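Containing TSV, C-alpha atoms: query-v4.tsv.
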chain	number	residue	atom	x	y	z
Y	122	MET	CA	-1.88	37.11	-9.47
Y	123	GLU	CA	-1.75	34.57	-12.32
Y	124	ASP	CA	1.48	33.08	-10.98
Y	125	ASP	CA	-0.09	32.45	-7.56
Y	126	GLN	CA	-1.55	29.27	-9.04
Y	127	LEU	CA	2.00	28.05	-9.63
Y	128	ARG	CA	3.21	28.61	-6.09
Y	129	LEU	CA	4.27	25.39	-4.40
Y	130	ASP	CA	2.27	26.21	-1.28
Y	131	GLN	CA	-0.88	26.50	-3.42
Y	132	GLN	CA	-0.66	22.95	-4.76
Y	133	VAL	CA	-2.63	19.98	-3.42
Y	134	CYS	CA	-0.09	17.54	-4.85
Y	135	PHE	CA	2.91	18.83	-2.93
Y	136	PRO	CA	1.79	18.29	0.69
Y	137	LEU	CA	0.58	14.82	-0.32
Y	138	TYR	CA	3.93	14.06	-1.95
Y	139	ALA	CA	5.89	15.41	1.02
Y	140	ALA	CA	3.73	13.58	3.57
Y	141	SER	CA	4.11	10.33	1.64
Y	142	ASN	CA	7.90	10.67	1.52
Y	143	ILE	CA	8.16	11.49	5.20
Y	144	LEU	CA	5.81	8.67	6.24
Y	145	THR	CA	7.74	6.18	4.14
Y	146	ARG	CA	10.99	7.27	5.83
Y	147	LEU	CA	9.38	6.92	9.27
Y	148	TYR	CA	8.17	3.41	8.42
Y	149	ARG	CA	11.57	2.29	7.10
Y	150	PRO	CA	13.29	1.36	10.40
Y	151	LEU	CA	10.20	-0.48	11.64
Y	152	LEU	CA	9.85	-2.41	8.40
Y	153	THR	CA	13.55	-3.18	8.13
Y	154	GLU	CA	13.13	-5.32	11.25
Y	155	LEU	CA	10.56	-7.35	9.30
Y	156	GLY	CA	12.66	-7.47	6.14
Y	157	LEU	CA	10.04	-5.53	4.18
Y	158	THR	CA	9.97	-2.38	2.11
Y	159	TYR	CA	7.02	-0.04	2.49
Y	160	SER	CA	5.45	-1.28	-0.76
Y	161	GLN	CA	5.90	-4.89	0.30
Y	162	TYR	CA	4.31	-4.05	3.65
Y	163	LEU	CA	1.23	-2.73	1.85
Y	164	VAL	CA	0.96	-5.99	-0.12
Y	165	MET	CA	1.30	-8.00	3.08
Y	166	LEU	CA	-1.39	-5.89	4.79
Y	167	CYS	CA	-3.77	-6.78	1.97
Y	168	LEU	CA	-2.93	-10.47	2.18
Y	169	TRP	CA	-3.15	-10.57	5.99
Y	170	GLU	CA	-6.62	-9.11	5.64
Y	171	GLN	CA	-7.73	-11.57	2.96
Y	172	HIS	CA	-5.97	-14.27	1.01
Y	173	PRO	CA	-5.67	-15.66	-1.50
Y	174	LEU	CA	-6.06	-12.68	-3.83
Y	175	THR	CA	-5.42	-12.33	-7.53
Y	176	VAL	CA	-2.75	-9.97	-8.79
Y	177	GLY	CA	-5.59	-7.89	-10.26
Y	178	GLN	CA	-7.35	-7.63	-6.90
Y	179	LEU	CA	-4.11	-6.54	-5.24
Y	180	GLY	CA	-3.50	-4.00	-8.00
Y	181	ARG	CA	-6.97	-2.50	-7.64
Y	182	THR	CA	-6.71	-2.33	-3.86
Y	183	LEU	CA	-3.24	-0.74	-3.90
Y	184	TYR	CA	-3.75	1.35	-7.06
Y	185	LEU	CA	-0.74	-0.33	-8.67
Y	186	ASP	CA	-0.38	-1.63	-12.20
Y	187	THR	CA	0.95	-5.12	-12.81
Y	188	GLY	CA	4.28	-3.72	-14.02
Y	189	THR	CA	4.85	-2.22	-10.57
Y	190	LEU	CA	3.24	-5.01	-8.58
Y	191	THR	CA	4.95	-7.98	-10.25
Y	192	PRO	CA	8.51	-7.14	-9.04
Y	193	LEU	CA	7.16	-6.63	-5.51
Y	194	LEU	CA	5.49	-10.02	-5.60
Y	195	LYS	CA	8.57	-11.71	-7.04
Y	196	ARG	CA	10.67	-10.37	-4.19
Y	197	LEU	CA	8.13	-11.44	-1.56
Y	198	GLU	CA	8.07	-14.88	-3.16
Y	199	GLN	CA	11.90	-15.06	-3.17
Y	200	ASN	CA	11.78	-14.19	0.52
Y	201	GLY	CA	9.39	-17.08	1.15
Y	202	LEU	CA	6.45	-14.94	2.27
Y	203	ILE	CA	4.04	-15.61	-0.60
Y	204	LEU	CA	3.35	-18.10	-3.37
Y	205	ARG	CA	2.09	-17.18	-6.82
Y	206	ARG	CA	0.23	-19.66	-8.98
Y	207	ARG	CA	-2.07	-19.67	-11.97
Y	208	SER	CA	-5.76	-19.81	-11.15
Y	209	GLU	CA	-7.33	-23.21	-11.74
Y	210	ASP	CA	-10.49	-21.50	-13.02
Y	211	ASP	CA	-8.77	-19.07	-15.39
Y	212	GLU	CA	-5.08	-19.55	-16.06
Y	213	ARG	CA	-4.77	-15.93	-17.21
Y	214	ARG	CA	-5.13	-14.93	-13.56
Y	215	VAL	CA	-2.34	-15.24	-11.03
Y	216	VAL	CA	-3.35	-16.02	-7.47
Y	217	VAL	CA	-1.22	-14.84	-4.55
Y	218	GLU	CA	-1.24	-16.76	-1.27
Y	219	LEU	CA	0.60	-16.33	2.00
Y	220	THR	CA	3.07	-18.99	3.05
Y	221	GLU	CA	3.48	-20.12	6.64
Y	222	ALA	CA	6.38	-17.64	6.92
Y	223	GLY	CA	4.14	-14.86	5.58
Y	224	LEU	CA	1.45	-15.70	8.11
Y	225	ALA	CA	4.05	-15.94	10.90
Y	226	LEU	CA	5.21	-12.38	10.16
Y	227	LYS	CA	1.80	-10.89	11.00
Y	228	PRO	CA	2.15	-10.92	14.82
Y	229	ARG	CA	5.47	-9.07	14.54
Y	230	ALA	CA	3.82	-6.47	12.28
Y	231	ARG	CA	1.01	-5.74	14.75
Y	232	ARG	CA	3.12	-3.20	16.64
Y	233	ILE	CA	3.84	-1.06	13.56
Y	234	PRO	CA	0.57	0.93	13.39
Y	235	GLU	CA	0.79	1.82	17.09
Y	236	ALA	CA	4.46	2.76	16.77
Y	237	MET	CA	3.59	5.06	13.88
Y	238	LEU	CA	0.70	6.66	15.78
Y	239	CYS	CA	3.07	7.39	18.67
Y	240	ARG	CA	5.33	9.29	16.27
Y	241	LEU	CA	2.49	11.49	15.05
Y	242	GLU	CA	1.30	14.21	17.36
Y	243	LEU	CA	-2.30	13.95	16.22
Y	244	SER	CA	-5.35	12.89	18.19
Y	245	GLY	CA	-7.35	9.81	17.27
Y	246	ASP	CA	-10.10	12.10	15.97
Y	247	ASP	CA	-7.59	14.05	13.84
Y	248	ILE	CA	-6.27	10.80	12.35
Y	249	ALA	CA	-9.80	9.56	11.61
Y	250	ARG	CA	-10.73	12.85	9.89
Y	251	LEU	CA	-7.50	12.89	7.89
Y	252	ARG	CA	-7.99	9.27	6.79
Y	253	ALA	CA	-11.59	9.97	5.74
Y	254	ASP	CA	-10.55	13.09	3.80
Y	255	LEU	CA	-7.77	11.21	2.04
Y	256	GLN	CA	-10.07	8.29	1.21
Y	257	ARG	CA	-12.52	10.76	-0.38
Y	258	LEU	CA	-9.65	12.29	-2.36
Y	259	VAL	CA	-8.49	8.86	-3.57
Y	260	ALA	CA	-12.05	8.00	-4.61
Y	261	ALA	CA	-12.41	11.28	-6.52
Y	262	LEU	CA	-9.03	10.87	-8.22
Y	263	SER	CA	-9.85	7.26	-9.13
Y	264	GLU	CA	-12.89	8.41	-11.04
Y	265	VAL	CA	-10.74	10.79	-13.08
Y	266	ASP	CA	-7.95	8.26	-13.78
Y	267	PRO	CA	-9.25	5.22	-15.68
Y	268	ARG	CA	-5.96	3.35	-15.09
Y	269	SER	CA	-6.55	3.24	-11.33
Y	270	SER	CA	-9.03	0.38	-11.67
Y	271	GLY	CA	-6.33	-2.30	-12.19
Y	272	THR	CA	-6.68	-5.54	-14.10
Y	273	ASP	CA	-6.45	-9.27	-13.50
Step by step, read the file and then write its structure as C-alpha cells.
Amino acid sequence: MEDDQLRLDQQVCFPLYAASNILTRLYRPLLTELGLTYSQYLVMLCLWEQHPLTVGQLGRTLYLDTGTLTPLLKRLEQNGLILRRRSEDDERRVVVELTEAGLALKPRARRIPEAMLCRLELSGDDIARLRADLQRLVAALSEVDPRSSGTD
C-alpha cells in the first residue's frame, strides 16, 4: 500500500508533464511556419495582447525567470520581431516592444488556436473546464513557489 503513492499513474505531475510534451509537439509544425518555437510563441502572445511590457512583466505572466526568458528575447530580437531597450524611467528595467515585423506576424498566428482545437477531440465546454482547472492549479502552485512571482 505504501508504494501506491509512488506509482506513476497516481502522480499529478506526470499527466501534466505528458500533456505539455504532447501539446508542444502538436504546436511545432504550426509554429515552424511562423519561424517560432513554442516558448517564443508564448512571448509573442503576451506582446500581441499588450505591449510594451517589461522583462519582469513577461516573466511573471509566463512564470519564467530572467535566465530563461533572456535567451528567448534575444532570439526574437535577432529575428526582427521585438526590440529591447532600457526603461527611460528606471534603467534597471528592460522594456520589450514589438517591431512592425512582430505585429505583422499576428494575423498569420490567428489560425493556430483553431487548428489546435481541431486536433483535440474535446468539446468547447470540456476545454473551458480544463482551462479553469489548470488556472486554479497554477494559482495554487504559485502561492507555494515564491520564485514564480518573477522580477523586473
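The coordinates place atom CA of Leu255 of chain Y at 9.4 Å from atom CA of Leu137 of chain Y.
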Could you tell me how far atom CA of Leu219 of chain Y sits from atom CA of Gly201 of chain Y, in Å to one decimal place?
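Calculated distance between atom CA of Gly201 of chain Y and atom CA of Leu219 of chain Y is 8.9 Å.
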Counting only C-alpha atoms, which residue out of Y:Asp254, Y:Asp124, Y:Glu198, Y:Glu154 sits closest to Glu218 of chain Y?
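Of the candidates, the smallest distance to Glu218 of chain Y is held by Y:Glu198.
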Residues within 8 Å of (-3.6, -4.8, -1.6), file coordinates, counting all atoms listed in the file: what are they? Give the list as an NGL selection string.
:Y and (163-168 or 178-183)
All residues 7 Å or closer to Gly223 of chain Y, only C-alpha atoms, same chain fewer than 3 positions away omitted, as number ranges by chain:
Y: 202-203, 219-220, 226
Need the shell around Val215 of chain Y: protein/DNA/RNA residues with any atom at most 6 Å away, counting all atoms listed in the file. Skip same-chain ones fewer than 6 positions apart. Format as a PDB file with C-alpha atoms, in the frame of the given file?
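As a result, result_2.pdb now contains:
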ATOM      1  CA  THR Y 175      -5.420 -12.330  -7.530  1.00  0.00           C
ATOM      2  CA  VAL Y 176      -2.750  -9.970  -8.790  1.00  0.00           C
ATOM      3  CA  ARG Y 206       0.230 -19.660  -8.980  1.00  0.00           C
ATOM      4  CA  ARG Y 207      -2.070 -19.670 -11.970  1.00  0.00           C
ATOM      5  CA  SER Y 208      -5.760 -19.810 -11.150  1.00  0.00           C
TER       6      SER Y 208
END
Can you pull out every residue within 9 Å of Leu152 of chain Y, counting only C-alpha atoms, but drop anything in the same chain fewer than 5 positions away, and send it as JSON, numbers by chain?
{"Y": [157, 158, 159, 162, 230, 233]}
Prev. selection, C-alpha atoms, output as a short mmCIF file (atom, residue, chain, number, x, y, z; two decimals), in the frame of the given file:
data_model
loop_
_atom_site.label_atom_id
_atom_site.label_comp_id
_atom_site.auth_asym_id
_atom_site.auth_seq_id
_atom_site.Cartn_x
_atom_site.Cartn_y
_atom_site.Cartn_z
CA LEU Y 157 10.04 -5.53 4.18
CA THR Y 158 9.97 -2.38 2.11
CA TYR Y 159 7.02 -0.04 2.49
CA TYR Y 162 4.31 -4.05 3.65
CA ALA Y 230 3.82 -6.47 12.28
CA ILE Y 233 3.84 -1.06 13.56
#
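The residue that comes closest to Leu190 of chain Y, out of Y:Thr145, Y:Gln126, Y:Ser160, Y:Ser244 and on the basis of all atoms listed in the file, is Y:Ser160.
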To one decimal place, how far is atom CA of Leu144 of chain Y from atom CA of Glu242 of chain Y in Å?
13.2 Å
Give me, as a list of chain:residue names, all polymer residues having an atom no more than 12 Å from Asp266 of chain Y, counting only C-alpha atoms and skipping those fewer than 6 positions away in the same chain.
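Near neighbours after the sequence-gap exclusion: Y:Tyr184, Y:Val259, Y:Ala260.
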Centre, x/y/z edge lengths, axis-aligned box for segment 209-225 of chain Y with 4 Å per side, as AutoDock Vina command-line options:
--center_x -2.1 --center_y -19.0 --center_z -3.2 --size_x 24.9 --size_y 16.4 --size_z 36.1
